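This report concerns only the one structure given below.
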There are 4 protein chains.
Amino acid sequence: MMIVMERFCSPEAVEAVVERLESRGCDIHISDGQERIVIGAMGAGTDLEQLPWEAMEGVEKAIPVLKPFTFVSRDFQEEDTIVRVGGVRIGGNRFTVIAGPCAVETRDQLFRTAEQVVKAGATVLRGDAFKPRTSPYAFQGLAEAGLELMAAAREEFGVPFVAEVLDPRDVALVASYADMLRVGTRNMSNYSLLAEVGKQPKPVQLKRGFTATIEDWLHAAETIYKEGNHQIVLVERGIRTFETAARNTLDITAVPVVQRLSHLPIMVDPSHSGGHHYLVAPLAQAAVAVRSSGIMVDVHPSPDTALVDGSQALLPSDFAALMDRVRKLAAAVDLEM
Amino acid sequence: MMIVMERFCSPEAVEAVVERLESRGCDIHISDGQERIVIGAMGAGTDLEQLPWEAMEGVEKAIPVLKPFTFVSRDFQEEDTIVRVGGVRIGGNRFTVIAGPCAVETRDQLFRTAEQVVKAGATVLRGDAFKPRTSPYAFQGLAEAGLELMAAAREEFGVPFVAEVLDPRDVALVASYADMLRVGTRNMSNYSLLAEVGKQPKPVQLKRGFTATIEDWLHAAETIYKEGNHQIVLVERGIRTFETAARNTLDITAVPVVQRLSHLPIMVDPSHSGGHHYLVAPLAQAAVAVRSSGIMVDVHPSPDTALVDGSQALLPSDFAALMDRVRKLAAAVDLEM
Amino acid sequence: MMIVMERFCSPEAVEAVVERLESRGCDIHISDGQERIVIGAMGAGTDLEQLPWEAMEGVEKAIPVLKPFTFVSRDFQEEDTIVRVGGVRIGGNRFTVIAGPCAVETRDQLFRTAEQVVKAGATVLRGDAFKPRTSPYAFQGLAEAGLELMAAAREEFGVPFVAEVLDPRDVALVASYADMLRVGTRNMSNYSLLAEVGKQPKPVQLKRGFTATIEDWLHAAETIYKEGNHQIVLVERGIRTFETAARNTLDITAVPVVQRLSHLPIMVDPSHSGGHHYLVAPLAQAAVAVRSSGIMVDVHPSPDTALVDGSQALLPSDFAALMDRVRKLAAAVDLEM
Amino acid sequence: MMIVMERFCSPEAVEAVVERLESRGCDIHISDGQERIVIGAMGAGTDLEQLPWEAMEGVEKAIPVLKPFTFVSRDFQEEDTIVRVGGVRIGGNRFTVIAGPCAVETRDQLFRTAEQVVKAGATVLRGDAFKPRTSPYAFQGLAEAGLELMAAAREEFGVPFVAEVLDPRDVALVASYADMLRVGTRNMSNYSLLAEVGKQPKPVQLKRGFTATIEDWLHAAETIYKEGNHQIVLVERGIRTFETAARNTLDITAVPVVQRLSHLPIMVDPSHSGGHHYLVAPLAQAAVAVRSSGIMVDVHPSPDTALVDGSQALLPSDFAALMDRVRKLAAAVDLEM
């Protein structure tokens, strides 16, 4: 950490900061320039940065040097984490496609969708039983009945599935059915939920909060990691910006940035970020070209009757066409499928 | 709702939309302009807007006309809601000051702070026992021991208190001690938590998510309201923008906007929005001048040793000086204190 | 346009709005719902929306139905515009690569760069003689001497070039040398400059303002178009958001959104959006995969001595490696190069 | 400046950075921590930060310590700048009110407005002759005829006036009439225009770009200042954020932040930031309470016929009522009027 003192601070103020740093076991280096004194403090980890340095007299600002997360960083682990969902591996040099309905509505809707997405090449199924909705008046999901249908689809089509969990009290229930749990964008900073998914053994998909910085997101991943669960897949799904032409702004830059900072796999959700069916294919294609670890796509047999997010769902036939392009693009950037 | 059709859509596409609207019981008006056909649908409430209209053939966009919340709107209730916290009223023509430490650390820290903020004119005490922290390595609060200390301070100084609740499983515990519960900025979209605080009888402070639109925020309030709890106070606390000179950008405009849309009281948190002690007084003063329903201020007897958010805490003496200005400004805009 | 009246507005207020609309030659349709009266006005173009409807008594809001631009929209021209820069075509089913130094510094720097980017497959050269810098103390470019060097490089390597123009007084000068003019991100809303480039015959690259919505951007393009210059290429180069891990957030979604709204070609600048050399290749690859009309890439023979934006420049060898991937990706999505 | 090296960088990489810093005349301090080497460089001003440090091998990031502007900072000048517009002083302990029509339309409109705003207490008149409009189809202003009307109003009502200038070629013209020039929000980064207004002697109002950080804004002010014109008034007018309930989000926090960083006066424009007449009074009141140097308010005798921004204009009677509150609030925070 670097502490920049105010221009005309007193020697006593400098001394007080130095003493406090030394009491924490830091090595101190003072750079006394013409315009500012800067106190460098090394060797005491990131805890130091939590202290209210800017409340001390004469301190202009405290600048962190280390990144504020440890276990999920490339500094801690050089090689890529590979996450296993049932028999499917996510991460490394592999591009994985997850697909299915946004929400499970009926057995028929689910099975028709699952059959076709698996046939087209998806290796993990999605389909939620608990839906977080902005409006309290919208469809909230089938709950346990939905998980049962997903388990039946797993039997029928031979692929593992991921399902969202919204409430720390439901973690055990969802984990008893699903192969992978998802923490959604609205819950990325729900620390009670993060702690619970961190304590159970199923892998976890952690969607980026639509207003979270990459640093916040890796903090949230660290919260899960330190509870003991290291099987975490990050999912970029768009951020909130001033642009309203699409639902959110897919932060495609986040993929290479995260890959540089962290060893965890990062996938992309082209369906929820754009919010419109005609944006899904281009954004999915971009996700391959930046060499992310995969995509998660909403598919519905009749989007105009979908109970949740129908405007963004692909028809099974459109999904199959997309998969053809995805395969060609993956080959072009040396990713396995 | 208004449905704008694409420029060269077929008559069948228009017919399909009209049929679907009529099947929902809407009155239909078709405006057939040179460049676009617009289908107006009245009389079926906000449910209609949840349907995936943009997934239907020929639909360019669906434009909502009604606001997507009902009970918390001025349309539903013309007069201001007055919320009662212990013997204190919040709302209407009254300006209320809540103050105290961000987090309860020790009895001494709490009591020294409480004594002085009450003496300076605060009528509700703050002090949290559960803290949501971005970093998993930071101080998480004293839990029930903190609530006990707050209850003791209430006895000693004769003022009610508000405390944050983070987890739906803790709602009953916090409600058994506190006079008012707070849902914090990171939990504004935690629907499990919103539902739980909506089912218990203590009043609720609902902070704005730092990335929530005003519409999202009123949606969250609606979720609490429809569970039966109508004693809700909104708290503006800054939003995330591209500007990083302060921690967040206080959206002072939200105060008159919310007062126009909703009957619920809206207060301002000048401490968490700015994140720096030197910003607290100016932002608190602005909160009076826009005629909000009050402020909530962090005060700490020695900010440079605070375990949480020390950089933004006021010294008790600075708080007392602020209160003098607050009283003068309140008088200037005809608010009672 | 749709005008939504306030809930309890008077019949006189409705009448006043209707009269004003009729005086402008609109067809009027009134939808009188339980909760709101909505007045639809068709047939008077976008001028109508410039009027201060919300200043009229009883008006809650005015909602535009038509898009606020005409000539650059797909409604006006169905087929793609193809822009010609020297002998190079941009747009349609073609992917074009522009490369070169951010700023022209010396003959040696320019010629070494130009030789290698042309060899690797770039068909248009970039290299600016006027640089807009945030800091008044930074290098501002070589001015006319820079344009002369660019013209010499065109002779030597047989490719046309594009150069930025900053000031309406310099348009004639830059147009006398360059094959294409660029309006940069900071000048996208400089209407004096837009008007001048619209009055001369060279094609124009219009970069998106880093804080401009897509609608603002198409407005700016319309300003150029209506002056008579229809040879416009849009360039997405990242927008300002709360995320600071990269310089800007590349809005890759803007590519399919613009392609749906407008017939103008849209390219991507992966260098200025990310601001770091290690982000250029992934973002360039994404630009191919979403089927944009091309990329513009900063290349420098020794980035660590570059006078402008060295942190984002590719070495010529890295650029050549990128071009191999670009060709494979273009083939995968059926684009010609 | 602090240069943070990558974790496993080579000694040669460190050496190369040190040599380059020393060649620029810096004092070097190396902090060699367990996890990172940090190289501190003092004594070479802000030029150093323009160099592409991150393009050097082994460099993780370069962190500036000094602020990137000099003359407009409090470090350079401790005491407040007082700007003189005709006989009116702006800055220091004084609160100044500028009012008038957004755009000059007719002599009658201007004179009716001017008479009443002066009577209510405005001491500077506004009224633009050149209007920057997002749409190329909107009213663009009366040009020189508008300036002549403003000059006539100055004669009649005895107050100086401010007018916007859009084009570097118009600076001399506008300066020949107006007492103060304005650079508007869309031109804040138009360096050609900034340079021209910096070379002439009339004081300059510099509005914040609606997507500019405070740092960008002070950079723009520095550009004017270093050309020789030190009479600069900053005007906060709202920034673009994800919130769309008002036109922009007034960044009221910018007032105390700028007052800490710079000696230049900062005013607030409550009309353009909110964009709705019912937001003007609350935002203007907030501007007084944070102790800004004044407000600039749009007033129009019949807003519903205004050619520009009628939705946000106050009636003269509403402006007079606002002035009563402004006077009371100014007294409450010890500002002179």
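Just so we're on the same page: first chain in the structure tokens is A, next is B, and so on; residues restart at 1 for each chain, and ligands are numbered from 1 in the order they show up.
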
Tell me, as a short mmCIF file (atom, residue, chain, number, x, y, z; two decimals) with all heavy atoms, in the first residue's frame, which residues lie within 9 Å of C:Val197, counting only C-alpha atoms; anything in the same chain fewer than 2 positions away does not count.
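Output below, filename result.cif:
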```
data_model
loop_
_atom_site.label_atom_id
_atom_site.label_comp_id
_atom_site.auth_asym_id
_atom_site.auth_seq_id
_atom_site.Cartn_x
_atom_site.Cartn_y
_atom_site.Cartn_z
N VAL C 165 -9.33 14.65 -37.99
CA VAL C 165 -9.40 16.10 -38.07
C VAL C 165 -10.10 16.59 -36.81
O VAL C 165 -11.09 16.00 -36.37
CB VAL C 165 -10.10 16.58 -39.37
CG1 VAL C 165 -11.51 16.04 -39.49
CG2 VAL C 165 -10.10 18.10 -39.45
N PRO C 168 -12.80 22.50 -37.29
CA PRO C 168 -13.46 22.76 -38.57
C PRO C 168 -12.56 23.53 -39.53
O PRO C 168 -12.68 23.40 -40.75
CB PRO C 168 -14.70 23.58 -38.18
CG PRO C 168 -14.60 23.88 -36.73
CD PRO C 168 -13.60 22.96 -36.14
N VAL C 171 -10.37 21.13 -41.85
CA VAL C 171 -10.99 20.09 -42.67
C VAL C 171 -10.43 20.11 -44.10
O VAL C 171 -10.06 19.07 -44.65
CB VAL C 171 -12.53 20.23 -42.67
CG1 VAL C 171 -13.17 19.36 -43.75
CG2 VAL C 171 -13.08 19.85 -41.29
N ALA C 172 -10.33 21.30 -44.68
CA ALA C 172 -9.85 21.37 -46.07
C ALA C 172 -8.41 20.86 -46.16
O ALA C 172 -8.06 20.12 -47.09
CB ALA C 172 -9.94 22.81 -46.58
N ALA C 175 -8.37 17.05 -45.74
CA ALA C 175 -9.01 16.43 -46.91
C ALA C 175 -8.13 16.54 -48.16
O ALA C 175 -8.25 15.73 -49.08
CB ALA C 175 -10.37 17.07 -47.18
N LEU C 181 -11.38 10.99 -43.79
CA LEU C 181 -11.22 11.81 -42.59
C LEU C 181 -11.82 11.08 -41.40
O LEU C 181 -12.80 10.36 -41.54
CB LEU C 181 -11.96 13.13 -42.75
CG LEU C 181 -11.67 13.97 -43.99
CD1 LEU C 181 -12.36 15.33 -43.87
CD2 LEU C 181 -10.17 14.16 -44.15
N ARG C 182 -11.23 11.30 -40.24
CA ARG C 182 -11.85 10.73 -39.05
C ARG C 182 -12.30 11.83 -38.10
O ARG C 182 -11.57 12.78 -37.85
CB ARG C 182 -10.88 9.82 -38.29
CG ARG C 182 -11.63 9.12 -37.13
CD ARG C 182 -10.77 8.25 -36.24
NE ARG C 182 -9.72 7.65 -36.97
CZ ARG C 182 -8.44 7.98 -36.84
NH1 ARG C 182 -8.07 8.87 -35.94
NH2 ARG C 182 -7.53 7.40 -37.58
N VAL C 183 -13.55 11.68 -37.58
CA VAL C 183 -14.02 12.49 -36.46
C VAL C 183 -13.88 11.61 -35.23
O VAL C 183 -14.45 10.52 -35.18
CB VAL C 183 -15.48 12.94 -36.65
CG1 VAL C 183 -15.98 13.66 -35.41
CG2 VAL C 183 -15.60 13.83 -37.89
N SER C 192 -20.14 21.75 -35.37
CA SER C 192 -19.44 22.56 -36.38
C SER C 192 -18.53 21.67 -37.21
O SER C 192 -18.47 21.81 -38.44
CB SER C 192 -18.58 23.63 -35.70
OG SER C 192 -19.35 24.42 -34.84
N LEU C 193 -17.84 20.78 -36.56
CA LEU C 193 -16.93 19.88 -37.28
C LEU C 193 -17.72 18.89 -38.13
O LEU C 193 -17.35 18.62 -39.29
CB LEU C 193 -16.05 19.15 -36.25
CG LEU C 193 -14.98 18.24 -36.83
CD1 LEU C 193 -13.98 19.02 -37.68
CD2 LEU C 193 -14.24 17.52 -35.70
N LEU C 194 -18.80 18.36 -37.59
CA LEU C 194 -19.62 17.42 -38.35
C LEU C 194 -20.14 18.08 -39.64
O LEU C 194 -20.13 17.47 -40.71
CB LEU C 194 -20.80 16.92 -37.51
CG LEU C 194 -20.45 16.11 -36.26
CD1 LEU C 194 -21.73 15.79 -35.46
CD2 LEU C 194 -19.73 14.82 -36.61
N ALA C 195 -20.57 19.33 -39.51
CA ALA C 195 -21.09 20.02 -40.68
C ALA C 195 -20.00 20.18 -41.74
O ALA C 195 -20.24 19.96 -42.93
CB ALA C 195 -21.65 21.38 -40.27
N LYS C 199 -19.66 18.55 -45.70
CA LYS C 199 -19.70 19.38 -46.92
C LYS C 199 -18.60 19.05 -47.91
O LYS C 199 -18.57 19.61 -49.00
CB LYS C 199 -19.59 20.86 -46.53
CG LYS C 199 -20.87 21.42 -45.93
CD LYS C 199 -20.63 22.83 -45.41
CE LYS C 199 -21.82 23.30 -44.58
NZ LYS C 199 -21.43 24.32 -43.61
N GLN C 200 -17.65 18.21 -47.53
CA GLN C 200 -16.56 17.88 -48.46
C GLN C 200 -16.72 16.44 -48.92
O GLN C 200 -17.50 15.68 -48.33
CB GLN C 200 -15.20 18.17 -47.79
CG GLN C 200 -14.93 17.45 -46.50
CD GLN C 200 -14.53 16.01 -46.73
OE1 GLN C 200 -13.67 15.72 -47.54
NE2 GLN C 200 -15.17 15.10 -46.00
N PRO C 201 -16.03 16.04 -49.98
CA PRO C 201 -16.37 14.77 -50.63
C PRO C 201 -15.64 13.52 -50.11
O PRO C 201 -16.04 12.42 -50.50
CB PRO C 201 -15.96 15.03 -52.09
CG PRO C 201 -14.82 16.01 -51.99
CD PRO C 201 -15.08 16.85 -50.78
N LYS C 202 -14.62 13.65 -49.27
CA LYS C 202 -13.92 12.46 -48.82
C LYS C 202 -14.78 11.67 -47.82
O LYS C 202 -15.51 12.27 -47.03
CB LYS C 202 -12.58 12.85 -48.15
CG LYS C 202 -11.54 13.47 -49.09
CD LYS C 202 -10.89 12.44 -49.99
CE LYS C 202 -9.92 13.05 -51.00
NZ LYS C 202 -8.65 13.49 -50.42
N PRO C 203 -14.64 10.33 -47.83
CA PRO C 203 -15.42 9.55 -46.86
C PRO C 203 -15.00 9.88 -45.42
O PRO C 203 -13.89 10.36 -45.19
CB PRO C 203 -15.08 8.10 -47.22
CG PRO C 203 -13.84 8.15 -48.04
CD PRO C 203 -13.83 9.48 -48.72
N VAL C 204 -15.89 9.61 -44.48
CA VAL C 204 -15.69 10.01 -43.09
C VAL C 204 -15.86 8.81 -42.16
O VAL C 204 -16.84 8.07 -42.27
CB VAL C 204 -16.72 11.10 -42.69
CG1 VAL C 204 -16.55 11.48 -41.23
CG2 VAL C 204 -16.59 12.32 -43.58
N ILE C 224 -23.93 14.63 -40.60
CA ILE C 224 -23.00 14.58 -41.75
C ILE C 224 -23.77 14.27 -43.03
O ILE C 224 -23.58 14.92 -44.06
CB ILE C 224 -21.92 13.49 -41.50
CG1 ILE C 224 -21.08 13.84 -40.27
CG2 ILE C 224 -21.02 13.33 -42.73
CD1 ILE C 224 -20.13 12.74 -39.83
N GLU C 227 -25.73 16.98 -44.84
CA GLU C 227 -24.92 18.00 -45.54
C GLU C 227 -24.52 17.52 -46.93
O GLU C 227 -23.91 18.27 -47.68
CB GLU C 227 -23.66 18.34 -44.73
CG GLU C 227 -23.92 18.97 -43.38
CD GLU C 227 -24.45 20.40 -43.48
OE1 GLU C 227 -24.37 21.00 -44.58
OE2 GLU C 227 -24.97 20.90 -42.47
N ASN C 229 -22.77 14.38 -47.60
CA ASN C 229 -21.76 13.33 -47.63
C ASN C 229 -22.35 12.04 -47.07
O ASN C 229 -22.67 11.96 -45.88
CB ASN C 229 -20.54 13.77 -46.80
CG ASN C 229 -19.37 12.83 -46.99
OD1 ASN C 229 -19.55 11.67 -47.38
ND2 ASN C 229 -18.16 13.33 -46.73
#
```

Could you go through stretch 35-181 of chain B and tell me which residues DSSP, when run on the backbone, assigns to strand (DSSP E), listing them as a PyMOL selection string?
chain B and resi 37-42+59-63+83-85+88-90+96-100+124-126+161-164+180-181

Please determine the contact residues of chain D with respect to chain B at a cut-off of 6 Å, counting only C-alpha atoms, and supply them as a ChimeraX atom specification.
/D:213,241,243,282,285-286,289-290,328-329,332

What is the atom CA of C:Arg112-atom CA of D:Gly58 distance in Å, reported with one decimal?
25.3 Å

Please provide the set of residues having any atom within 12 Å of B:Glu22, restricted to only C-alpha atoms, with same-chain residues fewer than 6 positions apart removed, written as a list in words.
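Neighbouring residues, sequence-local ones excluded: Glu15, Ala16, Ile28, His29, Ile39, Gly40, Ala41, Met42, Gly43, Ala44 and Leu48 of chain B.
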
Tell me, as a ChimeraX atom specification, which residues lie within 10 Å of stretch 217-219 of chain A, counting only C-alpha atoms; anything in the same chain fewer than 5 positions away does not count.
/A:67-73,188-189,206-209,211-212,224-225,234-236,258,261-262,264 /B:133-137

Just write the chosen residues, N, CA and C atoms, as a compact mmCIF listing (two decimals), in the first residue's frame.
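The result, written out as result_16.txt:
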```
# COMPACT_ATOMS: atom_id res chain seq x y z
N LYS A 67 -3.72 -6.79 -5.26
CA LYS A 67 -5.13 -6.98 -5.58
C LYS A 67 -5.85 -7.47 -4.33
N PRO A 68 -7.11 -7.10 -4.19
CA PRO A 68 -7.81 -7.37 -2.95
C PRO A 68 -8.42 -8.77 -2.86
N PHE A 69 -7.85 -9.74 -3.56
CA PHE A 69 -8.31 -11.12 -3.43
C PHE A 69 -7.07 -11.98 -3.57
N THR A 70 -7.12 -13.15 -3.04
CA THR A 70 -5.91 -13.96 -2.92
C THR A 70 -6.06 -15.30 -3.63
N PHE A 71 -6.95 -16.14 -3.13
CA PHE A 71 -7.00 -17.53 -3.59
C PHE A 71 -7.47 -17.67 -5.04
N VAL A 72 -8.31 -16.77 -5.49
CA VAL A 72 -8.81 -16.89 -6.85
C VAL A 72 -7.87 -16.24 -7.85
N SER A 73 -6.76 -15.67 -7.39
CA SER A 73 -5.88 -14.95 -8.31
C SER A 73 -4.84 -15.86 -8.95
N MET A 188 -25.20 -11.68 -6.43
CA MET A 188 -23.75 -11.78 -6.39
C MET A 188 -23.15 -11.21 -5.11
N SER A 189 -23.85 -10.25 -4.51
CA SER A 189 -23.34 -9.67 -3.27
C SER A 189 -24.14 -10.12 -2.05
N LEU A 206 -21.09 -18.53 -10.79
CA LEU A 206 -21.26 -17.24 -10.14
C LEU A 206 -21.41 -16.18 -11.22
N LYS A 207 -22.64 -15.73 -11.41
CA LYS A 207 -22.86 -14.69 -12.43
C LYS A 207 -22.39 -13.34 -11.89
N ARG A 208 -21.91 -12.53 -12.80
CA ARG A 208 -21.49 -11.19 -12.41
C ARG A 208 -22.71 -10.34 -12.09
N GLY A 209 -22.66 -9.64 -10.98
CA GLY A 209 -23.69 -8.65 -10.70
C GLY A 209 -23.70 -7.64 -11.82
N THR A 211 -24.05 -4.75 -11.90
CA THR A 211 -23.41 -3.49 -11.55
C THR A 211 -22.14 -3.71 -10.76
N ALA A 212 -21.61 -4.90 -10.86
CA ALA A 212 -20.38 -5.21 -10.13
C ALA A 212 -19.15 -4.99 -10.99
N ILE A 224 -16.76 -17.55 -1.72
CA ILE A 224 -17.12 -18.96 -1.90
C ILE A 224 -15.88 -19.85 -1.70
N TYR A 225 -14.79 -19.44 -2.30
CA TYR A 225 -13.56 -20.23 -2.29
C TYR A 225 -13.08 -20.48 -0.87
N LEU A 234 -17.13 -18.52 -13.37
CA LEU A 234 -17.64 -17.16 -13.48
C LEU A 234 -18.45 -17.03 -14.77
N VAL A 235 -19.55 -16.24 -14.72
CA VAL A 235 -20.34 -16.03 -15.93
C VAL A 235 -20.58 -14.53 -16.13
N GLU A 236 -20.01 -14.00 -17.20
CA GLU A 236 -20.26 -12.60 -17.60
C GLU A 236 -21.63 -12.54 -18.26
N VAL A 258 -10.34 -11.04 -16.86
CA VAL A 258 -10.45 -12.05 -15.80
C VAL A 258 -9.44 -13.17 -16.02
N LEU A 261 -6.28 -12.14 -14.52
CA LEU A 261 -6.25 -11.95 -13.07
C LEU A 261 -6.49 -13.24 -12.30
N SER A 262 -7.27 -14.16 -12.86
CA SER A 262 -7.74 -15.31 -12.09
C SER A 262 -7.58 -16.61 -12.85
N LEU A 264 -9.82 -19.01 -12.52
CA LEU A 264 -11.15 -19.62 -12.65
C LEU A 264 -11.66 -19.50 -14.09
N ARG B 133 -19.74 -7.08 4.00
CA ARG B 133 -18.48 -6.49 3.58
C ARG B 133 -18.08 -7.04 2.23
N THR B 134 -17.56 -6.19 1.39
CA THR B 134 -17.11 -6.64 0.07
C THR B 134 -16.01 -7.69 0.23
N SER B 135 -15.10 -7.44 1.14
CA SER B 135 -14.00 -8.39 1.33
C SER B 135 -14.39 -9.44 2.37
N PRO B 136 -14.16 -10.71 2.07
CA PRO B 136 -14.45 -11.75 3.06
C PRO B 136 -13.51 -11.71 4.26
N TYR B 137 -12.50 -10.84 4.20
CA TYR B 137 -11.53 -10.80 5.29
C TYR B 137 -11.77 -9.66 6.27
```

Residues near C:Val308, anyone? I mean within 12 Å using only C-alpha atoms, not counting same-chain ones fewer than 5 positions away, as a PyMOL selection string.
(chain C and resi 101-105+127-135+138-141+272+275+298-300+302-303+313) or (chain D and resi 49-53+55)

Between atom CA of D:Met267 and atom CA of D:Phe95, what distance in Å does the model show, to one decimal?
8.7 Å

Need the shell around D:Thr113: protein/DNA/RNA residues with any atom at most 9 Å away, counting only C-alpha atoms. Skip same-chain ones fewer than 4 positions apart. Format as an MDAnalysis selection string?
chainID D and resid 99:101 108:109 117:118 299:301 315:316

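Atom to atom, atom CA of D:Gly91 and atom CA of D:Met323 stand 18.8 Å apart.
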
List every residue of stretch 61-259 of chain C that DSSP, applied to the backbone of this structure, assigns to alpha helix (DSSP H), and report them as a PyMOL selection string.
chain C and resi 107-120+144-157+171-177+191-199+214-226+254-259

Test item: residues at most 10 Å from D:Ala178, only C-alpha atoms, excluding those fewer than 3 positions along its chain, as a list in words:
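Returned residues: Val85, Gly86, Arg126, Leu147, Glu148, Met150, Ala151, Arg154, Pro160, Phe161, Val162, Ala163, Glu164, Leu173, Val174, Ala175, Leu181, Arg182, Lys202 and Pro203 of chain D.
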